[in-house]
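A.B. asks: Okay, handing you the structure first.
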Amino acid sequence: MAQFVQRARGGGRLDDIVRGPMTVNSGLWLLSRMCLDGAVRVDPDGTLRPTAAVPAARDDGAPGLVDLTLADGLVDWDVLADVLARRTYAPDPELHQSFDTFASLRRRLAVMDYYDDLDGRTMLQLGDDEMFGVAIGLADGVRHVHVADTDERVLKAIGDEAARLALGLTTHVVDVRRDRPDLSDVDTFFVSGLKDPGGLFLFVATAVSTVSGAGAVGYVSFDLDVYRAGTGADSGGEPAQREVLRMFDRLDCTVTALLPGDDGLLEDSVLADLAEATRDAARYAASPTELGARLRRLLAQRPAGADLSLYQPGFPHAQLRPISLARIVTGPESRRLASRYLGFLQSAVPAEGGG
């Protein structure tokens, strides 16, 4: 709670503040009390504004999350914020896209720097609607970044920013269902935010197939709760996680770390609805129970309410759950096994136009 209050006093988006182990209902209720006491103001768009000058707060994350201060000085974060503000495309649900919070991108880079996986590395970013490849390219010491995606909107935006900032970054149009990046210099990869369990293995195998020999490093972020939902209603967290770890084992990859990684960025309309509920709770000094009931009614009235429930089961009595981030190291058989599995998986994909 102390960390939450520190973040709130510094201002920012609701979903950058209500994160970690704090549930949506508890976090918004706490914000409503801070509003009631005049400590912060919640704007209609879901942005928190401090009501008085406060010292710049160092964000030490939250229990179970990576220390965000490790990302200080790695890149010019104001430059990345400007890059994201210029992003002209919206997430495409058909491509299972979504945006992560700014804190999530800082956390990713902090983890990679902690394990010394940036300096001197040639990186493949596979799937990058968050434009994290630009953040990697901004880090000192990174040799080169390859960004591969099937969405040409994403690649154009990343390519334009890379050219403007003179980054060592190349974009590649790749549909992993039928092809793989034709690269020979990759020693590190990042597979971003897989929310479709059917595509997880395909993406990871594609990334592993681009590196040669043992000892290459990869990062895989995936939503364990969505993965669990795809394995049946009776599946618990442990069996789902075990299945993910088995997938890495099949590719002769060793998991060296498995930790909370990303927080999902809520749509602007959802953020505005949560802001309205918070402001009302402050106005009427609502109890947590009353606020929870208001949030459930709000969810039921939303046109995309079912989508939000899928993204976050248990809303509002649930966290803005971090997506799991695995750090893996390839073994001597990884490339061969990945290529073999890719042959099986890609041969099962119908030809374009074939239904």
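Residues in the structure tokens are named by chain (A, B, ... in the order shown) and by number from 1 within that chain; ligands are numbered from 1 in the order shown.
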From a DSSP pass on the backbone, collect the residues of region 77-281 of chain A flagged as helix (DSSP H, G or I) and hand them back as a PyMOL selection string.

C.D. replies: chain A and resi 77-85+93-95+102-114+132-138+152-165+197-208+224-229+237-250+268-281

A.B. asks: Name all residues at most 8 Å from Gly215 (chain A) (count only C-alpha atoms; drop same-chain ones fewer than 4 positions away) and give them as an NGL selection string.

C.D. replies: :A and (329-331)

A.B. asks: Those residues you just picked out, can you put them in a file as a short mmCIF file (atom, residue, chain, number, x, y, z; two decimals), in the first residue's frame with C-alpha atoms?

C.D. replies:
data_model
loop_
_atom_site.label_atom_id
_atom_site.label_comp_id
_atom_site.auth_asym_id
_atom_site.auth_seq_id
_atom_site.Cartn_x
_atom_site.Cartn_y
_atom_site.Cartn_z
CA VAL A 329 19.07 -20.48 -22.65
CA THR A 330 19.31 -22.72 -25.71
CA GLY A 331 20.99 -26.13 -25.71
#

A.B. asks: Which residue out of A:Leu325, A:Ala275, A:Ala293, A:Ile136 has the minimum interatomic distance to Val18 (chain A) when only C-alpha atoms are used?

C.D. replies: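 Checking each candidate against Val18 (chain A), we get A:Ala275 as the closest.
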
A.B. asks: Of the residues A:Ala285, A:Val176, A:Leu84, A:Ala148, which is the one nearest to Met34 (chain A), using only C-alpha atoms?

C.D. replies: A:Ala285

A.B. asks: Give me the residues near Gly218 (chain A) as a ChimeraX atom specification, where near means some atom within 8 Å (using only C-alpha atoms) and where sequence neighbours in that chain fewer than 3 positions away do not count.

C.D. replies: /A:188-191,208,327-330

A.B. asks: Counting only C-alpha atoms, which residue out of A:Leu30, A:Lys156, A:Asp16, A:Leu105 sits closest to Ala2 (chain A)?

C.D. replies: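 Using only C-alpha atoms, Ala2 (chain A) sits closest to A:Leu30.
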
A.B. asks: Rounded to one decimal, what separation in Å do you get between CA of Leu126 (chain A) and CA of Ala205 (chain A)?

C.D. replies: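 Between these atoms lies a distance of 11.1 Å.
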
A.B. asks: In terms of the shortest atom-to-atom distance over only C-alpha atoms, which of A:Arg178, A:Gln6, A:Asp273, A:Asp129 is closest to Phe344 (chain A)?

C.D. replies: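 For Phe344 (chain A), the nearest of the candidates is A:Arg178.
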
A.B. asks: Using only C-alpha atoms, pick whichever of A:Ser212, A:Thr206, A:Ser334, A:Thr23 has the shortest atom-to-atom distance to Gly292 (chain A).

C.D. replies: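 Of A:Ser212, A:Thr206, A:Ser334, A:Thr23, the one nearest Gly292 (chain A), counting only C-alpha atoms, is A:Thr23.
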